[in-house]
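Text of target_34.pdb (PDB, C-alpha atoms) as supplied:
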```pdb
MODEL        1
ATOM      1  CA  MET Z  24     124.297 157.822  89.565
ATOM      2  CA  ARG Z  25     120.648 157.126  88.836
ATOM      3  CA  PRO Z  26     119.795 153.858  87.071
ATOM      4  CA  HIS Z  27     118.490 153.788  83.516
ATOM      5  CA  ALA Z  28     114.828 153.248  82.750
ATOM      6  CA  LEU Z  29     113.626 149.669  82.540
ATOM      7  CA  PRO Z  30     112.663 148.609  79.001
ATOM      8  CA  PRO Z  31     109.098 147.418  78.428
ATOM      9  CA  CYS Z  32     108.536 143.826  77.386
ATOM     10  CA  PRO Z  33     107.686 143.246  73.729
ATOM     11  CA  ARG Z  34     103.992 143.219  73.021
ATOM     12  CA  ALA Z  35     102.631 139.898  71.800
ATOM     13  CA  PRO Z  36     101.269 140.014  68.223
ATOM     14  CA  ASN Z  37      97.553 140.143  67.418
ATOM     15  CA  THR Z  38      96.581 141.729  70.741
ATOM     16  CA  ARG Z  39      94.812 145.036  71.329
ATOM     17  CA  ARG Z  40      97.111 148.084  71.610
ATOM     18  CA  GLN Z  41      94.548 150.697  72.604
ATOM     19  CA  GLY Z  42      95.613 152.819  75.595
ATOM     20  CA  ARG Z  43      99.200 151.503  75.742
ATOM     21  CA  MET Z  44     102.077 153.936  75.466
ATOM     22  CA  ALA Z  45     105.762 154.070  76.334
ATOM     23  CA  TRP Z  46     106.589 155.076  79.889
ATOM     24  CA  GLU Z  47     107.775 158.651  80.255
ATOM     25  CA  GLU Z  48     109.395 160.020  83.386
ATOM     26  CA  GLY Z  49     107.185 161.810  85.892
ATOM     27  CA  GLY Z  50     103.597 161.181  86.838
ATOM     28  CA  ILE Z  51     102.596 158.373  89.176
ATOM     29  CA  VAL Z  52     103.807 154.766  88.929
ATOM     30  CA  VAL Z  53     101.497 151.963  90.107
ATOM     31  CA  GLY Z  54     102.487 148.334  90.667
ATOM     32  CA  VAL Z  55      99.677 146.111  89.352
ATOM     33  CA  ASP Z  56      99.418 142.378  90.005
ATOM     34  CA  GLY Z  57      95.823 141.473  89.166
ATOM     35  CA  SER Z  58      94.591 141.464  92.761
ATOM     36  CA  GLU Z  59      91.659 143.530  93.986
ATOM     37  CA  GLN Z  60      94.000 145.620  96.114
ATOM     38  CA  SER Z  61      96.217 146.462  93.166
ATOM     39  CA  ILE Z  62      93.102 147.508  91.247
ATOM     40  CA  ALA Z  63      92.164 149.688  94.220
ATOM     41  CA  ALA Z  64      95.693 151.126  94.163
ATOM     42  CA  LEU Z  65      95.391 152.034  90.478
ATOM     43  CA  SER Z  66      91.992 153.641  91.067
ATOM     44  CA  TRP Z  67      93.388 155.617  94.009
ATOM     45  CA  ALA Z  68      96.353 156.722  91.895
ATOM     46  CA  ALA Z  69      94.100 157.983  89.117
ATOM     47  CA  VAL Z  70      92.143 160.140  91.575
ATOM     48  CA  GLU Z  71      95.408 161.310  93.149
ATOM     49  CA  ALA Z  72      96.709 162.307  89.725
ATOM     50  CA  GLY Z  73      93.726 164.612  89.355
ATOM     51  CA  ARG Z  74      94.496 166.195  92.725
ATOM     52  CA  ARG Z  75      98.123 166.709  91.732
ATOM     53  CA  ARG Z  76      97.122 168.188  88.385
ATOM     54  CA  THR Z  77      99.106 165.606  86.480
ATOM     55  CA  ASP Z  78      97.426 163.561  83.782
ATOM     56  CA  ARG Z  79      99.884 160.668  83.726
ATOM     57  CA  VAL Z  80      99.571 157.361  85.564
ATOM     58  CA  HIS Z  81     101.806 154.454  84.598
ATOM     59  CA  ALA Z  82     100.463 150.979  85.401
ATOM     60  CA  PHE Z  83     103.254 148.404  85.595
ATOM     61  CA  VAL Z  84     103.216 144.631  85.651
ATOM     62  CA  ILE Z  85     106.660 143.264  86.475
ATOM     63  CA  ASN Z  86     106.955 139.849  84.874
ATOM     64  CA  ASP Z  87     110.052 137.665  84.746
ATOM     65  CA  PHE Z  88     108.349 134.899  82.759
ATOM     66  CA  PRO Z  89     108.277 135.702  79.010
ATOM     67  CA  ALA Z  90     105.808 132.886  78.294
ATOM     68  CA  GLN Z  91     103.253 134.743  80.418
ATOM     69  CA  ASP Z  92     103.644 138.152  78.775
ATOM     70  CA  ASP Z  93     100.425 137.836  76.790
ATOM     71  CA  GLN Z  94      98.468 136.907  79.916
ATOM     72  CA  ALA Z  95     100.031 139.829  81.755
ATOM     73  CA  TRP Z  96      99.127 142.264  78.972
ATOM     74  CA  LYS Z  97      95.518 141.089  78.863
ATOM     75  CA  MET Z  98      95.161 141.401  82.629
ATOM     76  CA  LEU Z  99      96.715 144.866  82.612
ATOM     77  CA  GLU Z 100      94.542 146.082  79.735
ATOM     78  CA  THR Z 101      91.386 144.906  81.485
ATOM     79  CA  ILE Z 102      92.258 146.605  84.772
ATOM     80  CA  ALA Z 103      93.471 149.823  83.146
ATOM     81  CA  GLY Z 104      90.327 149.940  81.018
ATOM     82  CA  ARG Z 105      88.114 149.757  84.107
ATOM     83  CA  VAL Z 106      89.985 152.553  85.851
ATOM     84  CA  ARG Z 107      90.238 154.647  82.691
ATOM     85  CA  ALA Z 108      86.463 154.539  82.262
ATOM     86  CA  ASP Z 109      86.025 156.066  85.724
ATOM     87  CA  ASN Z 110      88.750 158.677  85.171
ATOM     88  CA  PRO Z 111      88.513 159.764  81.530
ATOM     89  CA  SER Z 112      90.699 162.842  82.001
ATOM     90  CA  ILE Z 113      93.691 160.777  83.201
ATOM     91  CA  THR Z 114      96.057 159.086  80.754
ATOM     92  CA  ILE Z 115      96.904 155.583  81.976
ATOM     93  CA  SER Z 116      99.830 153.944  80.217
ATOM     94  CA  GLU Z 117     100.300 150.192  80.396
ATOM     95  CA  VAL Z 118     103.765 148.647  80.706
ATOM     96  CA  VAL Z 119     104.962 145.092  81.247
ATOM     97  CA  THR Z 120     108.631 144.880  82.150
ATOM     98  CA  ARG Z 121     111.208 142.423  83.472
ATOM     99  CA  GLY Z 122     112.694 142.271  86.948
ATOM    100  CA  ARG Z 123     111.894 141.563  90.565
ATOM    101  CA  PRO Z 124     108.953 143.671  91.734
ATOM    102  CA  ALA Z 125     110.583 145.458  94.681
ATOM    103  CA  ALA Z 126     113.855 146.179  92.882
ATOM    104  CA  ALA Z 127     112.107 147.320  89.703
ATOM    105  CA  LEU Z 128     109.747 149.706  91.511
ATOM    106  CA  ILE Z 129     112.590 151.135  93.586
ATOM    107  CA  ASP Z 130     114.535 151.690  90.360
ATOM    108  CA  MET Z 131     111.552 153.572  88.892
ATOM    109  CA  SER Z 132     111.330 155.761  91.981
ATOM    110  CA  TRP Z 133     114.226 157.887  90.731
ATOM    111  CA  ARG Z 134     112.086 159.068  87.832
ATOM    112  CA  THR Z 135     108.604 159.550  89.248
ATOM    113  CA  GLN Z 136     106.898 161.739  91.847
ATOM    114  CA  LEU Z 137     104.951 158.968  93.609
ATOM    115  CA  ILE Z 138     104.750 155.172  93.637
ATOM    116  CA  VAL Z 139     101.486 153.470  94.577
ATOM    117  CA  VAL Z 140     101.095 149.798  95.500
ATOM    118  CA  GLY Z 141      98.423 147.655  97.072
ATOM    119  CA  ALA Z 142      98.955 146.484 100.643
ATOM    120  CA  ARG Z 143      98.586 142.821  99.749
ATOM    121  CA  GLY Z 144      97.640 140.669  96.804
ATOM    122  CA  ARG Z 145      98.813 137.696  94.794
ATOM    123  CA  ASN Z 146      99.674 138.277  91.185
ATOM    124  CA  THR Z 147      97.683 135.572  89.470
ATOM    125  CA  ALA Z 148      99.099 136.561  86.086
ATOM    126  CA  VAL Z 149     102.777 136.090  86.895
ATOM    127  CA  GLY Z 150     102.819 134.440  90.325
ATOM    128  CA  THR Z 151     104.193 137.381  92.328
ATOM    129  CA  LEU Z 152     103.091 138.279  95.841
ATOM    130  CA  LEU Z 153     102.906 142.065  95.659
ATOM    131  CA  GLY Z 154     102.136 142.388  99.366
ATOM    132  CA  SER Z 155     105.533 140.921 100.187
ATOM    133  CA  VAL Z 156     107.280 143.788  98.385
ATOM    134  CA  SER Z 157     105.138 146.772  99.417
ATOM    135  CA  THR Z 158     107.087 147.361 102.643
ATOM    136  CA  LYS Z 159     110.428 147.068 100.813
ATOM    137  CA  VAL Z 160     109.337 149.610  98.237
ATOM    138  CA  ALA Z 161     107.894 151.981 100.843
ATOM    139  CA  THR Z 162     111.048 151.995 102.947
ATOM    140  CA  HIS Z 163     113.657 152.038 100.167
ATOM    141  CA  ALA Z 164     112.188 154.073  97.310
ATOM    142  CA  HIS Z 165     113.620 157.463  96.391
ATOM    143  CA  CYS Z 166     110.245 159.181  96.192
ATOM    144  CA  PRO Z 167     107.170 159.029  98.440
ATOM    145  CA  VAL Z 168     105.261 155.742  98.341
ATOM    146  CA  ALA Z 169     101.550 155.253  98.988
ATOM    147  CA  VAL Z 170     100.396 151.813 100.129
ATOM    148  CA  VAL Z 171      96.662 151.372  99.577
ATOM    149  CA  ARG Z 172      94.486 148.891 101.428
ATOM    150  CA  GLU Z 173      91.109 150.658 101.485
ATOM    151  CA  PRO Z 174      90.816 153.760  99.261
ATOM    152  CA  ARG Z 175      89.034 156.626 101.013
ATOM    153  CA  THR Z 176      87.898 160.056  99.905
ATOM    154  CA  GLU Z 177      86.548 161.430 103.199
ATOM    155  CA  GLY Z 178      88.051 162.194 106.578
ATOM    156  CA  PRO Z 179      91.113 164.142 107.690
ATOM    157  CA  VAL Z 180      94.714 163.613 106.700
ATOM    158  CA  TYR Z 181      96.850 162.409 109.624
ATOM    159  CA  VAL Z 182     100.594 162.881 109.911
ATOM    160  CA  GLY Z 183     102.880 161.350 112.520
ATOM    161  CA  VAL Z 184     105.557 163.711 113.840
ATOM    162  CA  ASP Z 185     108.564 162.931 116.010
ATOM    163  CA  SER Z 186     110.749 166.079 116.223
ATOM    164  CA  SER Z 187     113.280 164.796 113.685
ATOM    165  CA  PRO Z 188     114.358 166.432 110.384
ATOM    166  CA  HIS Z 189     112.616 163.563 108.556
ATOM    167  CA  SER Z 190     109.394 164.569 110.255
ATOM    168  CA  GLN Z 191     109.539 167.930 108.458
ATOM    169  CA  ASP Z 192     109.522 166.131 105.112
ATOM    170  CA  ALA Z 193     106.441 164.175 106.187
ATOM    171  CA  LEU Z 194     104.792 167.441 107.264
ATOM    172  CA  GLU Z 195     105.479 169.035 103.884
ATOM    173  CA  PHE Z 196     103.870 166.096 102.099
ATOM    174  CA  ALA Z 197     100.917 166.024 104.528
ATOM    175  CA  PHE Z 198     100.143 169.747 104.325
ATOM    176  CA  ALA Z 199     100.186 169.643 100.530
ATOM    177  CA  ALA Z 200      97.992 166.520 100.545
ATOM    178  CA  ALA Z 201      95.476 168.125 102.915
ATOM    179  CA  ALA Z 202      95.404 171.298 100.807
ATOM    180  CA  ALA Z 203      94.763 169.290  97.626
ATOM    181  CA  ARG Z 204      91.945 167.395  99.361
ATOM    182  CA  ARG Z 205      90.566 170.485 101.127
ATOM    183  CA  SER Z 206      90.570 168.424 104.295
ATOM    184  CA  GLU Z 207      91.587 168.888 107.907
ATOM    185  CA  LEU Z 208      95.117 167.918 108.887
ATOM    186  CA  VAL Z 209      95.785 166.246 112.236
ATOM    187  CA  ALA Z 210      99.443 166.343 113.341
ATOM    188  CA  LEU Z 211      99.866 163.603 115.932
ATOM    189  CA  GLN Z 212     102.849 163.028 118.176
ATOM    190  CA  ILE Z 213     102.870 159.816 120.208
ATOM    191  CA  TRP Z 214     104.993 160.162 123.327
ATOM    192  CA  ASP Z 215     106.007 158.183 126.390
ATOM    193  CA  VAL Z 216     108.156 158.627 129.446
ATOM    194  CA  PRO Z 217     111.845 158.025 128.670
ATOM    195  CA  GLY Z 218     113.803 155.738 130.911
ATOM    196  CA  PRO Z 219     113.614 152.132 132.156
ATOM    197  CA  ASP Z 220     110.913 149.683 131.126
ATOM    198  CA  ILE Z 221     107.736 150.992 132.783
ATOM    199  CA  SER Z 222     106.527 147.437 133.344
ATOM    200  CA  ILE Z 223     109.409 147.123 135.811
ATOM    201  CA  VAL Z 224     109.698 150.685 137.128
ATOM    202  CA  PRO Z 225     106.454 152.665 136.667
ATOM    203  CA  PRO Z 226     107.076 156.389 136.113
ATOM    204  CA  LEU Z 227     106.182 158.914 138.775
ATOM    205  CA  PRO Z 228     103.357 161.411 138.105
ATOM    206  CA  ASP Z 229     105.895 164.236 137.851
ATOM    207  CA  GLU Z 230     107.832 162.303 135.212
ATOM    208  CA  ILE Z 231     104.671 161.749 133.168
ATOM    209  CA  ALA Z 232     103.741 165.429 133.401
ATOM    210  CA  LEU Z 233     107.245 166.466 132.329
ATOM    211  CA  ALA Z 234     107.211 164.091 129.340
ATOM    212  CA  GLU Z 235     103.801 165.371 128.277
ATOM    213  CA  ALA Z 236     104.977 168.974 128.527
ATOM    214  CA  ASP Z 237     108.054 168.123 126.445
ATOM    215  CA  ALA Z 238     105.819 166.524 123.808
ATOM    216  CA  GLN Z 239     103.546 169.561 123.657
ATOM    217  CA  ARG Z 240     106.524 171.868 123.294
ATOM    218  CA  SER Z 241     108.011 169.602 120.636
ATOM    219  CA  ILE Z 242     104.906 169.525 118.467
ATOM    220  CA  ALA Z 243     104.500 173.304 118.746
ATOM    221  CA  GLU Z 244     108.104 173.793 117.575
ATOM    222  CA  GLN Z 245     107.713 171.347 114.686
ATOM    223  CA  LEU Z 246     104.561 172.997 113.386
ATOM    224  CA  ALA Z 247     105.816 176.575 113.671
ATOM    225  CA  GLY Z 248     105.352 178.391 110.376
ATOM    226  CA  TRP Z 249     103.404 175.686 108.577
ATOM    227  CA  SER Z 250      99.977 177.329 108.947
ATOM    228  CA  GLU Z 251     101.408 180.507 107.430
ATOM    229  CA  ARG Z 252     102.565 178.490 104.422
ATOM    230  CA  TYR Z 253      99.204 176.682 104.137
ATOM    231  CA  PRO Z 254      96.563 179.076 105.520
ATOM    232  CA  GLU Z 255      93.815 177.125 103.750
ATOM    233  CA  VAL Z 256      94.498 173.960 105.809
ATOM    234  CA  SER Z 257      92.664 173.537 109.101
ATOM    235  CA  LEU Z 258      95.307 172.171 111.487
ATOM    236  CA  VAL Z 259      94.750 170.141 114.649
ATOM    237  CA  LYS Z 260      97.712 169.493 116.968
ATOM    238  CA  ALA Z 261      97.412 166.327 119.022
ATOM    239  CA  GLY Z 262      99.558 164.380 121.448
ATOM    240  CA  GLN Z 263      98.978 160.973 122.949
ATOM    241  CA  ARG Z 264     100.929 158.748 125.296
ATOM    242  CA  GLY Z 265     101.513 155.193 124.155
ATOM    243  CA  HIS Z 266     103.040 153.063 121.430
ATOM    244  CA  PRO Z 267     103.425 154.992 118.153
ATOM    245  CA  VAL Z 268     102.145 152.235 115.844
ATOM    246  CA  ILE Z 269      99.093 151.568 117.994
ATOM    247  CA  GLY Z 270      98.409 155.252 118.525
ATOM    248  CA  LEU Z 271      98.684 156.224 114.880
ATOM    249  CA  THR Z 272      96.623 153.331 113.533
ATOM    250  CA  GLU Z 273      93.884 153.773 116.120
ATOM    251  CA  ARG Z 274      93.618 157.553 115.720
ATOM    252  CA  ALA Z 275      93.688 157.300 111.925
ATOM    253  CA  ARG Z 276      90.800 154.842 111.629
ATOM    254  CA  GLU Z 277      88.625 157.492 110.000
ATOM    255  CA  ALA Z 278      91.442 159.157 108.041
ATOM    256  CA  GLN Z 279      91.571 159.255 104.268
ATOM    257  CA  LEU Z 280      95.385 159.289 104.376
ATOM    258  CA  LEU Z 281      98.062 158.667 107.005
ATOM    259  CA  VAL Z 282     101.511 160.159 106.359
ATOM    260  CA  VAL Z 283     104.632 158.990 108.176
ATOM    261  CA  GLY Z 284     108.316 159.732 107.811
ATOM    262  CA  HIS Z 285     110.958 157.043 107.576
ATOM    263  CA  ARG Z 286     114.184 156.801 109.615
ATOM    264  CA  GLY Z 287     113.371 159.708 111.886
ATOM    265  CA  ARG Z 288     114.438 159.595 115.547
ATOM    266  CA  GLY Z 289     112.462 161.567 118.130
ATOM    267  CA  GLY Z 290     114.738 163.681 120.285
ATOM    268  CA  PHE Z 291     112.698 163.618 123.491
ATOM    269  CA  ALA Z 292     111.672 159.970 123.505
ATOM    270  CA  GLY Z 293     113.975 158.162 121.119
ATOM    271  CA  LEU Z 294     111.122 157.331 118.744
ATOM    272  CA  LEU Z 295     112.441 155.463 115.729
ATOM    273  CA  LEU Z 296     109.938 156.476 113.093
ATOM    274  CA  GLY Z 297     111.405 154.052 110.575
ATOM    275  CA  SER Z 298     110.038 151.124 112.579
ATOM    276  CA  VAL Z 299     106.750 152.989 112.928
ATOM    277  CA  ALA Z 300     106.450 153.247 109.148
ATOM    278  CA  ALA Z 301     106.757 149.473 108.801
ATOM    279  CA  GLY Z 302     104.266 148.940 111.615
ATOM    280  CA  VAL Z 303     101.533 151.210 110.304
ATOM    281  CA  LEU Z 304     101.867 149.679 106.847
ATOM    282  CA  GLN Z 305     100.830 146.369 108.381
ATOM    283  CA  HIS Z 306      97.973 147.651 110.527
ATOM    284  CA  ALA Z 307      96.471 150.883 109.172
ATOM    285  CA  ARG Z 308      93.280 150.479 107.159
ATOM    286  CA  CYS Z 309      93.550 153.790 105.319
ATOM    287  CA  PRO Z 310      96.126 154.512 102.600
ATOM    288  CA  VAL Z 311      99.570 155.200 104.083
ATOM    289  CA  ALA Z 312     102.136 157.516 102.504
ATOM    290  CA  VAL Z 313     105.747 156.901 103.542
ATOM    291  CA  VAL Z 314     108.125 159.817 103.031
ATOM    292  CA  ARG Z 315     111.836 159.258 103.463
ATOM    293  CA  GLY Z 316     113.959 162.200 104.505
ATOM    294  CA  ASP Z 317     116.370 161.818 101.590
ATOM    295  CA  LYS Z 318     113.686 161.471  98.947
ATOM    296  CA  HIS Z 319     113.126 163.825  96.068
ATOM    297  CA  ASN Z 320     109.700 165.134  95.024
ATOM    298  CA  ILE Z 321     108.402 165.432  98.588
ATOM    299  CA  ARG Z 322     105.690 167.890  97.675
ATOM    300  CA  PRO Z 323     102.599 166.346  95.998
TER     301      PRO Z 323
ENDMDL
END
```
Here is the file; what I need is its structure written in the form of structure tokens.
Amino acid sequence: MRPHALPPCPRAPNTRRQGRMAWEEGGIVVGVDGSEQSIAALSWAAVEAGRRRTDRVHAFVINDFPAQDDQAWKMLETIAGRVRADNPSITISEVVTRGRPAAALIDMSWRTQLIVVGARGRNTAVGTLLGSVSTKVATHAHCPVAVVREPRTEGPVYVGVDSSPHSQDALEFAFAAAAARRSELVALQIWDVPGPDISIVPPLPDEIALAEADAQRSIAEQLAGWSERYPEVSLVKAGQRGHPVIGLTERAREAQLLVVGHRGRGGFAGLLLGSVAAGVLQHARCPVAVVRGDKHNIRP
């Protein structure tokens, strides 16, 4: 059973109400904490809303201290006003609600198509460290989650694949994102030689060649049919030996978006993509979208 919507906090008297509205289901939810990265996240979400052809972005401050509600509202109004001025066609609602940030955002994920948070940032208004909850939200939410460190509008979209069913959900999100951006999509599979620790027993050349061939076959199988569904997307298939977190973050340095699945296990190399999702959230400079295999609203 899905949880009920969180009620907004009462608005303090004698404060400006312009631009505030009740939260309706759908659209994009953004966690705001007053930090520069949460402002960047709200700006990114407003642009993303235009790409998705939705005009609703909901900016949330999650505040468990009633005495600080007025401060939270003023901070939220200021930030939303800045972003609204740059994106006049997007409706940005402002909501202050009670709860713990991670739990509240995960609860909202049942009723929205995308959650956006900053990678790090201290909430000066209500004393919450948003960065400490971004990984929890990204790996437990019921819809895709975008974690924004440095917003970007140029470069390809990258997607990590690992031959698991969860990887197909990430591919669906990535193809739709690339189509909306009219950008190239790079599907990257990081592989290694299965078996004992190579620092103890280095693999033979034949073993490396076999693992590489398996990876190439795997990525071809995973991407079969996708170009027919998205003929407008220029697709690049890439494989690389190494550690998945290092490989994805290094190759995606110039990306405008990196998409990864969560809780996917690679058949040929035992890649646990769930741990990769947590790793790239810590190290990737570009925005990262985490797509869990059991999530709803996969398609942007």
Measuring atom to atom with only C-alpha atoms, identify which of Z:Val70, Z:Ala234, Z:Val314, Z:Leu128 is nearest to Leu194 in chain Z.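 That would be Z:Val314, the residue with the smallest distance to Leu194 in chain Z.
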Quick one: pull the distance between CA of Arg240 in chain Z and CA of Ala275 in chain Z, Å, one decimal. 22.5 Å
Might you spell out which residues the PyMOL selection byres ((chain Z and resi 50) around 12) would select in the displayed file, as a ChimeraX atom specification? /Z:46-49,51-53,68-69,71-82,113-116,131-139,166,320,323
List, as a compact mmCIF listing (two decimals) with C-alpha atoms, keeping the file's coordinate frame, every residue that the PyMOL selection byres ((chain Z and resi 61) around 9) selects in the file provided.
```txt
# COMPACT_ATOMS: atom_id res chain seq x y z
CA VAL Z 53 101.50 151.96 90.11
CA GLY Z 54 102.49 148.33 90.67
CA VAL Z 55 99.68 146.11 89.35
CA ASP Z 56 99.42 142.38 90.00
CA GLY Z 57 95.82 141.47 89.17
CA SER Z 58 94.59 141.46 92.76
CA GLU Z 59 91.66 143.53 93.99
CA GLN Z 60 94.00 145.62 96.11
CA ILE Z 62 93.10 147.51 91.25
CA ALA Z 63 92.16 149.69 94.22
CA ALA Z 64 95.69 151.13 94.16
CA LEU Z 65 95.39 152.03 90.48
CA SER Z 66 91.99 153.64 91.07
CA VAL Z 139 101.49 153.47 94.58
CA VAL Z 140 101.10 149.80 95.50
CA GLY Z 141 98.42 147.66 97.07
CA ALA Z 142 98.96 146.48 100.64
CA ARG Z 143 98.59 142.82 99.75
CA GLY Z 144 97.64 140.67 96.80
CA LEU Z 153 102.91 142.06 95.66
CA VAL Z 171 96.66 151.37 99.58
CA ARG Z 172 94.49 148.89 101.43
```
Quick one: residues within 12 Å of (99.0, 156.6, 121.8) (file frame), counting all atoms listed in the file, please, as a PyMOL selection string. chain Z and resi 183+211-215+235+261-275
Could you check how far CA of Gly284 in chain Z sits from CA of Glu230 in chain Z, in Å to one decimal? 27.5 Å
I'd like to see the residues matched by the PyMOL selection byres ((chain Z and resi 193) around 7) on this file, and ideally I'd get them as an MDAnalysis selection string. chainID Z and resid 189:192 194:197 282:284 314
Measure the distance from CA of Pro217 in chain Z to CA of Gln239 in chain Z in Å and round it to one decimal. 15.1 Å
Name the residues in contact with Ala210 in chain Z at a cut-off of 7 Å, using all atoms listed in the file, excluding same-chain residues fewer than 5 positions from it; report them as a PyMOL selection string. chain Z and resi 181-184+259-261
Selection file, C-alpha atoms, as a compact mmCIF listing (two decimals), in the frame of the given file:
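That gives us out.txt:
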```
# COMPACT_ATOMS: atom_id res chain seq x y z
CA TYR Z 181 96.85 162.41 109.62
CA VAL Z 182 100.59 162.88 109.91
CA GLY Z 183 102.88 161.35 112.52
CA VAL Z 184 105.56 163.71 113.84
CA VAL Z 259 94.75 170.14 114.65
CA LYS Z 260 97.71 169.49 116.97
CA ALA Z 261 97.41 166.33 119.02
```
Could you give me, as number ranges by chain, the residues within 9 Å of Trp96 in chain Z, counting all atoms listed in the file and dropping anything in the same chain fewer than 2 positions from it? Z: 34-35, 38, 84, 91-94, 98-101, 117-119
Calculated over only C-alpha atoms, which of the candidates Z:Asp109, Z:Ala161, Z:Ala201, Z:Glu255 has the smallest distance to Pro179 in chain Z? Z:Ala201
Nearest to Val299 in chain Z by atom-to-atom distance, counting all atoms listed in the file, from Z:Leu281, Z:Val224, Z:Leu208, Z:Ala127: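 Between Z:Leu281, Z:Val224, Z:Leu208, Z:Ala127, the residue approaching Val299 in chain Z most closely is Z:Leu281.
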Proximity to Pro174 in chain Z - best of Z:Ala108, Z:Leu304, Z:Ala278, Z:Ala203, all atoms listed in the file: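 The shortest atom-to-atom distance to Pro174 in chain Z comes from Z:Ala278.
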